[in-house]
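Shown next: upload10.cif, containing mmCIF, C-alpha atoms.
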data_protein
#
loop_
_atom_site.group_PDB
_atom_site.id
_atom_site.type_symbol
_atom_site.label_atom_id
_atom_site.label_comp_id
_atom_site.auth_asym_id
_atom_site.auth_seq_id
_atom_site.Cartn_x
_atom_site.Cartn_y
_atom_site.Cartn_z
ATOM 1 C CA MET A 1 -26.240 5.123 4.394
ATOM 2 C CA VAL A 2 -29.234 5.157 2.080
ATOM 3 C CA ARG A 3 -30.127 3.112 -0.939
ATOM 4 C CA GLY A 4 -29.784 5.022 -4.167
ATOM 5 C CA LEU A 5 -28.746 8.631 -4.540
ATOM 6 C CA SER A 6 -30.566 11.888 -5.041
ATOM 7 C CA LEU A 7 -30.246 13.126 -8.612
ATOM 8 C CA GLU A 8 -28.867 16.429 -7.334
ATOM 9 C CA ARG A 9 -25.614 14.681 -6.351
ATOM 10 C CA ALA A 10 -25.251 12.329 -9.329
ATOM 11 C CA HIS A 11 -24.636 13.404 -12.901
ATOM 12 C CA ALA A 12 -27.455 12.492 -15.261
ATOM 13 C CA THR A 13 -25.187 10.130 -17.213
ATOM 14 C CA ALA A 14 -24.056 8.140 -14.153
ATOM 15 C CA ILE A 15 -25.419 4.618 -13.692
ATOM 16 C CA VAL A 16 -26.127 3.892 -10.025
ATOM 17 C CA HIS A 17 -27.726 0.593 -9.028
ATOM 18 C CA PRO A 18 -30.730 1.163 -6.766
ATOM 19 C CA ASP A 19 -29.380 -1.322 -4.194
ATOM 20 C CA ALA A 20 -26.076 0.512 -3.737
ATOM 21 C CA ARG A 21 -25.683 2.039 -0.269
ATOM 22 C CA ILE A 22 -24.441 5.584 -0.746
ATOM 23 C CA HIS A 23 -24.377 8.495 1.670
ATOM 24 C CA PRO A 24 -26.502 11.414 0.410
ATOM 25 C CA SER A 25 -23.478 13.745 0.454
ATOM 26 C CA VAL A 26 -21.576 11.682 -2.152
ATOM 27 C CA VAL A 27 -20.919 13.377 -5.513
ATOM 28 C CA VAL A 28 -20.979 11.142 -8.597
ATOM 29 C CA GLY A 29 -19.453 12.430 -11.840
ATOM 30 C CA PRO A 30 -20.381 11.873 -15.492
ATOM 31 C CA TYR A 31 -20.575 8.298 -16.787
ATOM 32 C CA ALA A 32 -19.603 6.759 -13.450
ATOM 33 C CA VAL A 33 -20.890 3.231 -12.816
ATOM 34 C CA ILE A 34 -21.848 1.939 -9.368
ATOM 35 C CA GLU A 35 -22.932 -1.681 -8.999
ATOM 36 C CA ALA A 36 -25.339 -3.162 -6.461
ATOM 37 C CA ASP A 37 -23.072 -4.440 -3.671
ATOM 38 C CA VAL A 38 -21.327 -1.123 -3.030
ATOM 39 C CA GLU A 39 -21.074 1.120 0.034
ATOM 40 C CA VAL A 40 -19.758 4.699 -0.128
ATOM 41 C CA GLY A 41 -19.239 6.949 2.900
ATOM 42 C CA GLU A 42 -20.040 10.595 3.372
ATOM 43 C CA ASP A 43 -18.441 13.468 1.430
ATOM 44 C CA THR A 44 -16.744 11.148 -1.050
ATOM 45 C CA VAL A 45 -16.289 12.469 -4.605
ATOM 46 C CA LEU A 46 -16.346 10.128 -7.594
ATOM 47 C CA GLY A 47 -14.937 11.608 -10.789
ATOM 48 C CA ALA A 48 -15.999 10.996 -14.368
ATOM 49 C CA HIS A 49 -15.968 7.381 -15.575
ATOM 50 C CA CYS A 50 -15.189 5.909 -12.155
ATOM 51 C CA VAL A 51 -16.341 2.315 -11.704
ATOM 52 C CA LEU A 52 -17.250 0.849 -8.322
ATOM 53 C CA ASN A 53 -17.734 -2.871 -8.801
ATOM 54 C CA ASN A 54 -19.541 -5.251 -6.485
ATOM 55 C CA GLY A 55 -17.600 -5.650 -3.257
ATOM 56 C CA THR A 56 -16.518 -1.997 -2.992
ATOM 57 C CA ARG A 57 -16.466 -0.553 0.523
ATOM 58 C CA LEU A 58 -15.399 3.097 0.500
ATOM 59 C CA GLY A 59 -15.090 5.161 3.665
ATOM 60 C CA ARG A 60 -15.529 8.894 4.148
ATOM 61 C CA ARG A 61 -14.080 11.882 2.305
ATOM 62 C CA ASN A 62 -12.303 9.899 -0.377
ATOM 63 C CA HIS A 63 -11.681 11.568 -3.731
ATOM 64 C CA LEU A 64 -11.552 9.315 -6.771
ATOM 65 C CA TYR A 65 -10.469 10.938 -10.023
ATOM 66 C CA THR A 66 -11.304 10.116 -13.641
ATOM 67 C CA GLY A 67 -11.416 6.453 -14.561
ATOM 68 C CA ALA A 68 -10.548 4.925 -11.193
ATOM 69 C CA VAL A 69 -11.745 1.311 -10.928
ATOM 70 C CA ILE A 70 -12.383 -0.258 -7.537
ATOM 71 C CA ALA A 71 -13.024 -3.942 -6.760
ATOM 72 C CA CYS A 72 -12.377 -5.187 -10.285
ATOM 73 C CA GLU A 73 -12.141 -8.971 -10.464
ATOM 74 C CA PRO A 74 -8.676 -10.224 -9.501
ATOM 75 C CA GLN A 75 -6.237 -11.116 -12.245
ATOM 76 C CA ASP A 76 -5.695 -14.491 -10.668
ATOM 77 C CA ASN A 77 -6.366 -17.934 -12.130
ATOM 78 C CA ALA A 78 -7.384 -19.145 -8.667
ATOM 79 C CA PHE A 79 -10.358 -16.769 -8.590
ATOM 80 C CA LYS A 80 -13.620 -18.602 -9.239
ATOM 81 C CA GLY A 81 -16.134 -15.809 -8.850
ATOM 82 C CA GLU A 82 -16.442 -16.019 -5.064
ATOM 83 C CA ARG A 83 -17.731 -13.105 -2.978
ATOM 84 C CA SER A 84 -14.871 -10.844 -1.929
ATOM 85 C CA TYR A 85 -14.199 -7.183 -1.264
ATOM 86 C CA THR A 86 -12.053 -4.108 -1.639
ATOM 87 C CA ILE A 87 -12.160 -2.144 1.619
ATOM 88 C CA ILE A 88 -10.834 1.425 1.555
ATOM 89 C CA GLY A 89 -10.660 3.736 4.571
ATOM 90 C CA ASP A 90 -11.070 7.509 4.843
ATOM 91 C CA ASP A 91 -9.465 10.611 3.293
ATOM 92 C CA ASN A 92 -7.676 8.893 0.424
ATOM 93 C CA LEU A 93 -6.710 10.487 -2.892
ATOM 94 C CA ILE A 94 -7.124 7.935 -5.690
ATOM 95 C CA ARG A 95 -5.965 9.506 -8.913
ATOM 96 C CA GLU A 96 -6.729 8.927 -12.589
ATOM 97 C CA TYR A 97 -7.123 5.320 -13.785
ATOM 98 C CA VAL A 98 -6.011 3.687 -10.553
ATOM 99 C CA GLN A 99 -7.117 0.034 -10.337
ATOM 100 C CA ILE A 100 -7.634 -1.753 -7.027
ATOM 101 C CA ALA A 101 -8.681 -5.381 -7.363
ATOM 102 C CA ARG A 102 -10.886 -7.268 -4.959
ATOM 103 C CA SER A 103 -9.392 -10.361 -3.396
ATOM 104 C CA THR A 104 -9.299 -14.063 -4.138
ATOM 105 C CA GLY A 105 -10.916 -16.217 -1.448
ATOM 106 C CA GLN A 106 -14.456 -16.332 -0.107
ATOM 107 C CA ASP A 107 -15.247 -13.234 2.009
ATOM 108 C CA SER A 108 -11.623 -12.048 1.935
ATOM 109 C CA ALA A 109 -10.580 -8.473 1.154
ATOM 110 C CA THR A 110 -7.994 -6.254 -0.460
ATOM 111 C CA VAL A 111 -7.495 -3.441 2.078
ATOM 112 C CA VAL A 112 -6.312 0.185 1.824
ATOM 113 C CA GLY A 113 -6.047 2.321 4.958
ATOM 114 C CA ASP A 114 -6.536 6.056 5.489
ATOM 115 C CA ARG A 115 -4.934 9.176 3.973
ATOM 116 C CA CYS A 116 -3.120 7.361 1.176
ATOM 117 C CA HIS A 117 -2.167 9.090 -2.067
ATOM 118 C CA LEU A 118 -2.349 6.671 -4.975
ATOM 119 C CA MET A 119 -1.160 8.492 -8.077
ATOM 120 C CA SER A 120 -2.309 7.911 -11.634
ATOM 121 C CA VAL A 121 -2.354 4.431 -13.207
ATOM 122 C CA THR A 122 -1.312 2.700 -10.003
ATOM 123 C CA HIS A 123 -2.369 -0.967 -9.854
ATOM 124 C CA ILE A 124 -3.013 -2.733 -6.542
ATOM 125 C CA GLY A 125 -3.528 -6.443 -7.038
ATOM 126 C CA HIS A 126 -5.713 -8.934 -5.213
ATOM 127 C CA ASN A 127 -5.309 -9.591 -1.482
ATOM 128 C CA CYS A 128 -2.944 -6.670 -0.970
ATOM 129 C CA ARG A 129 -2.919 -4.880 2.372
ATOM 130 C CA ILE A 130 -1.941 -1.212 2.269
ATOM 131 C CA GLY A 131 -1.535 0.746 5.492
ATOM 132 C CA SER A 132 -2.322 4.390 6.142
ATOM 133 C CA ASP A 133 -0.405 7.463 4.896
ATOM 134 C CA VAL A 134 1.141 5.455 2.056
ATOM 135 C CA VAL A 135 2.228 7.260 -1.123
ATOM 136 C CA MET A 136 2.470 5.431 -4.450
ATOM 137 C CA ALA A 137 3.709 7.491 -7.386
ATOM 138 C CA THR A 138 2.521 7.134 -10.978
ATOM 139 C CA GLN A 139 2.400 3.631 -12.503
ATOM 140 C CA VAL A 140 3.382 1.693 -9.394
ATOM 141 C CA GLY A 141 2.349 -1.946 -9.836
ATOM 142 C CA LEU A 142 1.645 -4.319 -6.953
ATOM 143 C CA ALA A 143 1.132 -8.011 -7.607
ATOM 144 C CA GLY A 144 -1.123 -10.088 -5.386
ATOM 145 C CA HIS A 145 -0.693 -10.457 -1.616
ATOM 146 C CA VAL A 146 1.709 -7.506 -1.266
ATOM 147 C CA ARG A 147 1.813 -5.708 2.085
ATOM 148 C CA VAL A 148 2.847 -2.046 2.374
ATOM 149 C CA ASP A 149 2.936 -0.683 5.908
ATOM 150 C CA ASP A 150 2.048 2.782 7.219
ATOM 151 C CA GLY A 151 3.910 5.775 5.833
ATOM 152 C CA ALA A 152 5.865 3.884 3.163
ATOM 153 C CA GLN A 153 6.556 5.595 -0.171
ATOM 154 C CA LEU A 154 6.908 3.864 -3.539
ATOM 155 C CA GLY A 155 8.485 5.732 -6.443
ATOM 156 C CA GLY A 156 7.044 5.922 -9.945
ATOM 157 C CA GLN A 157 6.909 2.702 -11.989
ATOM 158 C CA ALA A 158 8.147 0.564 -9.100
ATOM 159 C CA GLY A 159 7.039 -3.044 -9.489
ATOM 160 C CA LEU A 160 6.502 -5.328 -6.493
ATOM 161 C CA HIS A 161 6.475 -9.131 -6.771
ATOM 162 C CA GLN A 162 3.646 -11.066 -5.137
ATOM 163 C CA PHE A 163 3.941 -11.632 -1.362
ATOM 164 C CA VAL A 164 6.538 -8.859 -0.942
ATOM 165 C CA ARG A 165 6.365 -6.787 2.256
ATOM 166 C CA VAL A 166 7.489 -3.167 2.609
ATOM 167 C CA GLY A 167 7.922 -1.972 6.181
ATOM 168 C CA ARG A 168 6.728 1.197 7.851
ATOM 169 C CA LEU A 169 8.288 4.474 6.671
ATOM 170 C CA ALA A 170 10.439 2.646 4.123
ATOM 171 C CA MET A 171 11.063 4.296 0.763
ATOM 172 C CA VAL A 172 11.368 2.446 -2.560
ATOM 173 C CA GLY A 173 12.890 4.289 -5.509
ATOM 174 C CA GLY A 174 11.338 4.832 -8.917
ATOM 175 C CA GLN A 175 11.446 1.929 -11.395
ATOM 176 C CA ALA A 176 12.595 -0.424 -8.644
ATOM 177 C CA GLY A 177 12.076 -4.125 -9.276
ATOM 178 C CA LEU A 178 11.286 -5.409 -5.817
ATOM 179 C CA ALA A 179 11.253 -9.182 -5.337
ATOM 180 C CA GLN A 180 12.237 -9.326 -1.658
ATOM 181 C CA GLU A 181 11.143 -7.681 1.564
ATOM 182 C CA VAL A 182 12.220 -4.179 2.611
ATOM 183 C CA PRO A 183 12.454 -3.719 6.385
ATOM 184 C CA PRO A 184 10.937 -0.621 7.981
ATOM 185 C CA PHE A 185 12.805 2.701 7.872
ATOM 186 C CA LEU A 186 15.153 1.774 5.012
ATOM 187 C CA LEU A 187 15.776 3.065 1.472
ATOM 188 C CA ALA A 188 15.635 0.635 -1.454
ATOM 189 C CA ALA A 189 16.311 1.215 -5.149
ATOM 190 C CA GLY A 190 17.448 -0.547 -8.316
ATOM 191 C CA SER A 191 15.732 -2.716 -10.890
ATOM 192 C CA ASN A 192 17.800 -5.866 -11.276
ATOM 193 C CA PRO A 193 17.227 -6.450 -8.400
ATOM 194 C CA ALA A 194 16.448 -3.673 -5.926
ATOM 195 C CA GLU A 195 18.805 -3.370 -2.939
ATOM 196 C CA VAL A 196 18.864 -1.293 0.234
ATOM 197 C CA PHE A 197 21.192 1.691 0.471
ATOM 198 C CA GLY A 198 20.641 3.081 3.968
ATOM 199 C CA ILE A 199 17.977 4.390 6.288
ATOM 200 C CA ASN A 200 15.187 6.737 5.253
ATOM 201 C CA ARG A 201 16.652 9.557 7.302
ATOM 202 C CA ILE A 202 14.515 12.322 5.760
ATOM 203 C CA GLY A 203 11.325 10.309 6.149
ATOM 204 C CA LEU A 204 12.115 9.615 9.794
ATOM 205 C CA ARG A 205 12.759 13.285 10.498
ATOM 206 C CA ARG A 206 9.506 14.272 8.801
ATOM 207 C CA ALA A 207 7.728 11.737 10.990
ATOM 208 C CA GLY A 208 9.127 13.464 14.078
ATOM 209 C CA VAL A 209 11.525 10.695 15.118
ATOM 210 C CA PRO A 210 14.181 12.034 17.551
ATOM 211 C CA GLN A 211 17.753 12.167 16.284
ATOM 212 C CA GLN A 212 18.934 9.720 18.929
ATOM 213 C CA GLU A 213 16.444 7.136 17.683
ATOM 214 C CA ILE A 214 17.521 7.759 14.070
ATOM 215 C CA GLU A 215 21.135 7.070 15.061
ATOM 216 C CA ARG A 216 20.088 3.814 16.753
ATOM 217 C CA MET A 217 18.406 2.765 13.505
ATOM 218 C CA ARG A 218 21.471 3.734 11.510
ATOM 219 C CA ARG A 219 23.588 1.501 13.762
ATOM 220 C CA ALA A 220 21.114 -1.381 13.362
ATOM 221 C CA TYR A 221 21.201 -1.007 9.573
ATOM 222 C CA ARG A 222 25.000 -1.099 9.531
ATOM 223 C CA LEU A 223 25.159 -4.193 11.696
ATOM 224 C CA LEU A 224 22.702 -6.045 9.445
ATOM 225 C CA TYR A 225 24.026 -4.947 6.065
ATOM 226 C CA GLN A 226 27.649 -3.842 6.393
ATOM 227 C CA ARG A 227 29.396 -6.211 8.780
ATOM 228 C CA GLY A 228 29.281 -9.298 6.574
ATOM 229 C CA LEU A 229 27.255 -11.227 9.148
ATOM 230 C CA SER A 230 24.428 -13.620 8.476
ATOM 231 C CA ALA A 231 21.053 -12.056 9.143
ATOM 232 C CA LYS A 232 20.458 -14.277 12.186
ATOM 233 C CA ASN A 233 23.824 -13.412 13.704
ATOM 234 C CA ALA A 234 23.302 -9.745 12.917
ATOM 235 C CA ILE A 235 19.958 -9.519 14.693
ATOM 236 C CA ARG A 236 21.412 -11.222 17.772
ATOM 237 C CA LEU A 237 24.150 -8.589 17.819
ATOM 238 C CA ILE A 238 21.686 -5.741 17.245
ATOM 239 C CA ALA A 239 19.508 -6.935 20.127
ATOM 240 C CA ALA A 240 22.554 -7.242 22.413
ATOM 241 C CA GLU A 241 24.010 -3.825 21.555
ATOM 242 C CA LEU A 242 20.876 -1.717 21.023
ATOM 243 C CA GLY A 243 18.088 -3.564 22.791
ATOM 244 C CA GLU A 244 14.647 -4.147 21.312
ATOM 245 C CA SER A 245 12.784 -0.972 22.166
ATOM 246 C CA GLY A 246 11.482 1.692 19.764
ATOM 247 C CA LEU A 247 12.255 1.576 16.061
ATOM 248 C CA VAL A 248 15.003 -0.998 16.486
ATOM 249 C CA GLY A 249 12.553 -3.431 18.063
ATOM 250 C CA GLU A 250 10.129 -2.960 15.147
ATOM 251 C CA PHE A 251 12.998 -3.435 12.709
ATOM 252 C CA LEU A 252 14.095 -6.672 14.407
ATOM 253 C CA GLU A 253 10.558 -8.065 14.444
ATOM 254 C CA PHE A 254 10.231 -7.498 10.703
ATOM 255 C CA VAL A 255 13.616 -9.077 9.924
ATOM 256 C CA ARG A 256 12.824 -12.133 12.036
ATOM 257 C CA GLY A 257 9.528 -12.475 10.168
ATOM 258 C CA SER A 258 11.396 -12.523 6.867
ATOM 259 C CA PHE A 259 13.081 -15.799 7.809
ATOM 260 C CA SER A 260 9.796 -17.643 7.318
ATOM 261 C CA SER A 261 8.326 -15.455 4.553
ATOM 262 C CA LYS A 262 7.830 -16.439 0.923
ATOM 263 C CA ARG A 263 10.184 -13.784 -0.443
ATOM 264 C CA GLY A 264 13.014 -13.388 2.075
ATOM 265 C CA LEU A 265 15.021 -10.323 3.016
ATOM 266 C CA ILE A 266 16.340 -7.806 0.492
ATOM 267 C CA SER A 267 20.116 -7.598 0.106
ATOM 268 C CA GLY A 268 22.287 -4.575 0.750
ATOM 269 C CA ALA A 269 24.078 -2.590 -1.918
ATOM 270 C CA ARG A 270 27.822 -2.121 -1.963
ATOM 271 C CA GLY A 271 28.680 1.444 -1.193
ATOM 272 C CA GLY A 272 25.537 2.004 0.850
ATOM 273 C CA GLU A 273 25.297 4.438 3.721
ATOM 274 C CA GLU A 274 28.227 4.251 6.165
#

Please express the file's structure as structure tokens.
Amino acid sequence: MVRGLSLERAHATAIVHPDARIHPSVVVGPYAVIEADVEVGEDTVLGAHCVLNNGTRLGRRNHLYTGAVIACEPQDNAFKGERSYTIIGDDNLIREYVQIARSTGQDSATVVGDRCHLMSVTHIGHNCRIGSDVVMATQVGLAGHVRVDDGAQLGGQAGLHQFVRVGRLAMVGGQAGLAQEVPPFLLAAGSNPAEVFGINRIGLRRAGVPQQEIERMRRAYRLLYQRGLSAKNAIRLIAAELGESGLVGEFLEFVRGSFSSKRGLISGARGGEE
């Protein structure tokens, strides 16, 4: 990292604070604004009108498109101007007018992993934690303290309530209104409210999960959502019948965690996958 940026890599209209720590390979587009407490890793591209506010920590090879805003102050009445961060990993695509807020809480961070694709006008609120290889389609909105695990996909205009969790390789449909937690490997959709409909079979296959493991997950889903059991009774039965290894073990851990979470477990839809 170096302080400042050679003029050859920054457009003449860009405003770059001399205390910003920016790798010399970074490209800065027209009218971009970079504040003082910012770090940007090598081979990152910042499009026109991007804004990197104080607290931005960008890794390597990220591409930010027109109007993206990173580390904006949280839209949270509890925020009192304390030092906090937005930490973003490597190889992310952050499309037009995406907003990623910094967090509430001294020295805390909103975190985005690696290789995510955040499509245009996505909003990620304060204190969110986004894993790697996550896809969020256009106009997804995440309230504060949301967690989205690796490989999850959120459809366009989906809205997630604060403190919601979405498990690994889960898929949430477009315009979903999500107020409860979606376990890993499942499909959720619907706006009033969203419900689960089955397992994310295509996503699991694309991730290279063996068919035998997919069938184990399908059985676990049916026991939890289609037998009319309480969640606690269902997970005892799943553990007894299928064990706790592999995907089923990850699924059970998430469901158990939902018992003490702020939002609770999402319900199943009638007529879901058999």

Notebook entry, point to check: Just so the selection is clear, what residues does the PyMOL selection byres ((chain A and resi 47) around 12) cover here, as a count of residues only?
Noted result: 35

Next item on the list: Name the residues that the PyMOL selection byres ((chain A and resi 113-122) around 9) pulls out of this structure, and write them as a PyMOL selection string.
Entry: chain A and resi 59+62+65+68+87-100+111-112+123-124+129-142+150-151+156-157

Note to self: Evaluated on this file, the PyMOL selection byres ((chain A and resi 202-215) around 9) picks out some residues - which ones are they, written as a PyMOL selection string?
What the structure shows: chain A and resi 151-152+169-171+185+199-201+216-220+246-248

Note to self: For a test of reading the model, state the distance in Å between atom CA of Val38 of chain A and atom CA of His126 of chain A, rounded to one decimal.
What the structure shows: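 Atom CA of Val38 of chain A sits 17.6 Å away from atom CA of His126 of chain A.
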
Next item on the list: One decimal, Å: what's the distance from atom CA of Pro74 of chain A over to atom CA of Leu58 of chain A, could you say?
Entry: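 Between atom CA of Pro74 of chain A and atom CA of Leu58 of chain A the gap works out to 18.0 Å.
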
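Among the candidates A:Arg60, A:Gly228, A:Gly55, A:Ile15, the residue lying nearest to Val40 of chain A is A:Arg60 (atoms considered: all atoms listed in the file).
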
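The coordinates place atom CA of Val148 of chain A at 27.1 Å from atom CA of Leu237 of chain A.
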
So for segment 209-226 of chain A, what box centre and size do we get, axis-aligned, 4 Å extra on each of the six sides, every listed atom, Å to one decimal, as JSON?
{"center_x": 19.6, "center_y": 3.1, "center_z": 12.5, "size_x": 24.1, "size_y": 26.2, "size_z": 20.9}

Note to self: List as a count of residues only the protein and nucleic acid residues near Ser103 of chain A, meaning an atom at most 9 Å away when only C-alpha atoms are counted, but skip any in the same chain fewer than 2 places from it.
What the structure shows: 21

Check: Could you pull the residues within 9 Å of Phe254 of chain A, counting only C-alpha atoms, minus those fewer than 4 positions along the same chain, as a PyMOL selection string?
Finding: chain A and resi 167+182-184+249-250+258

Please produce a file of those selected residues containing C-alpha atoms, as a short mmCIF file (atom, residue, chain, number, x, y, z; two decimals), keeping the file's coordinate frame.
data_model
loop_
_atom_site.label_atom_id
_atom_site.label_comp_id
_atom_site.auth_asym_id
_atom_site.auth_seq_id
_atom_site.Cartn_x
_atom_site.Cartn_y
_atom_site.Cartn_z
CA GLY A 167 7.92 -1.97 6.18
CA VAL A 182 12.22 -4.18 2.61
CA PRO A 183 12.45 -3.72 6.38
CA PRO A 184 10.94 -0.62 7.98
CA GLY A 249 12.55 -3.43 18.06
CA GLU A 250 10.13 -2.96 15.15
CA SER A 258 11.40 -12.52 6.87
#

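Closest approach to Glu39 of chain A from the set A:Gln180, A:Thr56, A:Ser25, A:Asn77 is made by A:Thr56, with distances taken over only C-alpha atoms.
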
Hey, could you patch up segment 25-45 of chain A with N, CA and C atoms and hand it over as a PDB file, in the frame of the given file?
ATOM      1  N   SER A  25     -24.439  12.679   0.766  1.00  0.00           N
ATOM      2  CA  SER A  25     -23.478  13.745   0.454  1.00  0.00           C
ATOM      3  C   SER A  25     -22.519  13.382  -0.673  1.00  0.00           C
ATOM      4  N   VAL A  26     -22.522  12.131  -1.131  1.00  0.00           N
ATOM      5  CA  VAL A  26     -21.576  11.682  -2.152  1.00  0.00           C
ATOM      6  C   VAL A  26     -21.878  12.361  -3.494  1.00  0.00           C
ATOM      7  N   VAL A  27     -20.815  12.781  -4.182  1.00  0.00           N
ATOM      8  CA  VAL A  27     -20.919  13.377  -5.513  1.00  0.00           C
ATOM      9  C   VAL A  27     -20.472  12.342  -6.539  1.00  0.00           C
ATOM     10  N   VAL A  28     -21.281  12.133  -7.562  1.00  0.00           N
ATOM     11  CA  VAL A  28     -20.979  11.142  -8.597  1.00  0.00           C
ATOM     12  C   VAL A  28     -20.874  11.860  -9.942  1.00  0.00           C
ATOM     13  N   GLY A  29     -19.714  11.716 -10.604  1.00  0.00           N
ATOM     14  CA  GLY A  29     -19.453  12.430 -11.840  1.00  0.00           C
ATOM     15  C   GLY A  29     -20.030  11.762 -13.069  1.00  0.00           C
ATOM     16  N   PRO A  30     -19.817  12.385 -14.235  1.00  0.00           N
ATOM     17  CA  PRO A  30     -20.381  11.873 -15.492  1.00  0.00           C
ATOM     18  C   PRO A  30     -19.911  10.461 -15.815  1.00  0.00           C
ATOM     19  N   TYR A  31     -20.847   9.637 -16.279  1.00  0.00           N
ATOM     20  CA  TYR A  31     -20.575   8.298 -16.787  1.00  0.00           C
ATOM     21  C   TYR A  31     -19.969   7.349 -15.750  1.00  0.00           C
ATOM     22  N   ALA A  32     -20.032   7.700 -14.486  1.00  0.00           N
ATOM     23  CA  ALA A  32     -19.603   6.759 -13.450  1.00  0.00           C
ATOM     24  C   ALA A  32     -20.578   5.586 -13.394  1.00  0.00           C
ATOM     25  N   VAL A  33     -20.071   4.430 -12.940  1.00  0.00           N
ATOM     26  CA  VAL A  33     -20.890   3.231 -12.816  1.00  0.00           C
ATOM     27  C   VAL A  33     -20.729   2.687 -11.400  1.00  0.00           C
ATOM     28  N   ILE A  34     -21.859   2.472 -10.726  1.00  0.00           N
ATOM     29  CA  ILE A  34     -21.848   1.939  -9.368  1.00  0.00           C
ATOM     30  C   ILE A  34     -22.743   0.710  -9.333  1.00  0.00           C
ATOM     31  N   GLU A  35     -22.169  -0.440  -9.015  1.00  0.00           N
ATOM     32  CA  GLU A  35     -22.932  -1.681  -8.999  1.00  0.00           C
ATOM     33  C   GLU A  35     -23.677  -1.857  -7.680  1.00  0.00           C
ATOM     34  N   ALA A  36     -24.368  -2.991  -7.548  1.00  0.00           N
ATOM     35  CA  ALA A  36     -25.339  -3.162  -6.461  1.00  0.00           C
ATOM     36  C   ALA A  36     -24.689  -3.296  -5.090  1.00  0.00           C
ATOM     37  N   ASP A  37     -23.671  -4.140  -4.974  1.00  0.00           N
ATOM     38  CA  ASP A  37     -23.072  -4.440  -3.671  1.00  0.00           C
ATOM     39  C   ASP A  37     -21.927  -3.472  -3.400  1.00  0.00           C
ATOM     40  N   VAL A  38     -22.296  -2.212  -3.215  1.00  0.00           N
ATOM     41  CA  VAL A  38     -21.327  -1.123  -3.030  1.00  0.00           C
ATOM     42  C   VAL A  38     -21.778  -0.272  -1.854  1.00  0.00           C
ATOM     43  N   GLU A  39     -20.811   0.161  -1.031  1.00  0.00           N
ATOM     44  CA  GLU A  39     -21.074   1.120   0.034  1.00  0.00           C
ATOM     45  C   GLU A  39     -20.086   2.267  -0.085  1.00  0.00           C
ATOM     46  N   VAL A  40     -20.595   3.503   0.006  1.00  0.00           N
ATOM     47  CA  VAL A  40     -19.758   4.699  -0.128  1.00  0.00           C
ATOM     48  C   VAL A  40     -20.090   5.647   1.009  1.00  0.00           C
ATOM     49  N   GLY A  41     -19.059   6.091   1.743  1.00  0.00           N
ATOM     50  CA  GLY A  41     -19.239   6.949   2.900  1.00  0.00           C
ATOM     51  C   GLY A  41     -19.374   8.407   2.548  1.00  0.00           C
ATOM     52  N   GLU A  42     -19.675   9.195   3.548  1.00  0.00           N
ATOM     53  CA  GLU A  42     -20.040  10.595   3.372  1.00  0.00           C
ATOM     54  C   GLU A  42     -18.916  11.435   2.769  1.00  0.00           C
ATOM     55  N   ASP A  43     -19.324  12.445   2.010  1.00  0.00           N
ATOM     56  CA  ASP A  43     -18.441  13.468   1.430  1.00  0.00           C
ATOM     57  C   ASP A  43     -17.391  12.893   0.487  1.00  0.00           C
ATOM     58  N   THR A  44     -17.627  11.713  -0.030  1.00  0.00           N
ATOM     59  CA  THR A  44     -16.744  11.148  -1.050  1.00  0.00           C
ATOM     60  C   THR A  44     -17.114  11.730  -2.417  1.00  0.00           C
ATOM     61  N   VAL A  45     -16.102  11.937  -3.252  1.00  0.00           N
ATOM     62  CA  VAL A  45     -16.289  12.469  -4.605  1.00  0.00           C
ATOM     63  C   VAL A  45     -15.809  11.430  -5.605  1.00  0.00           C
TER      64      VAL A  45
END
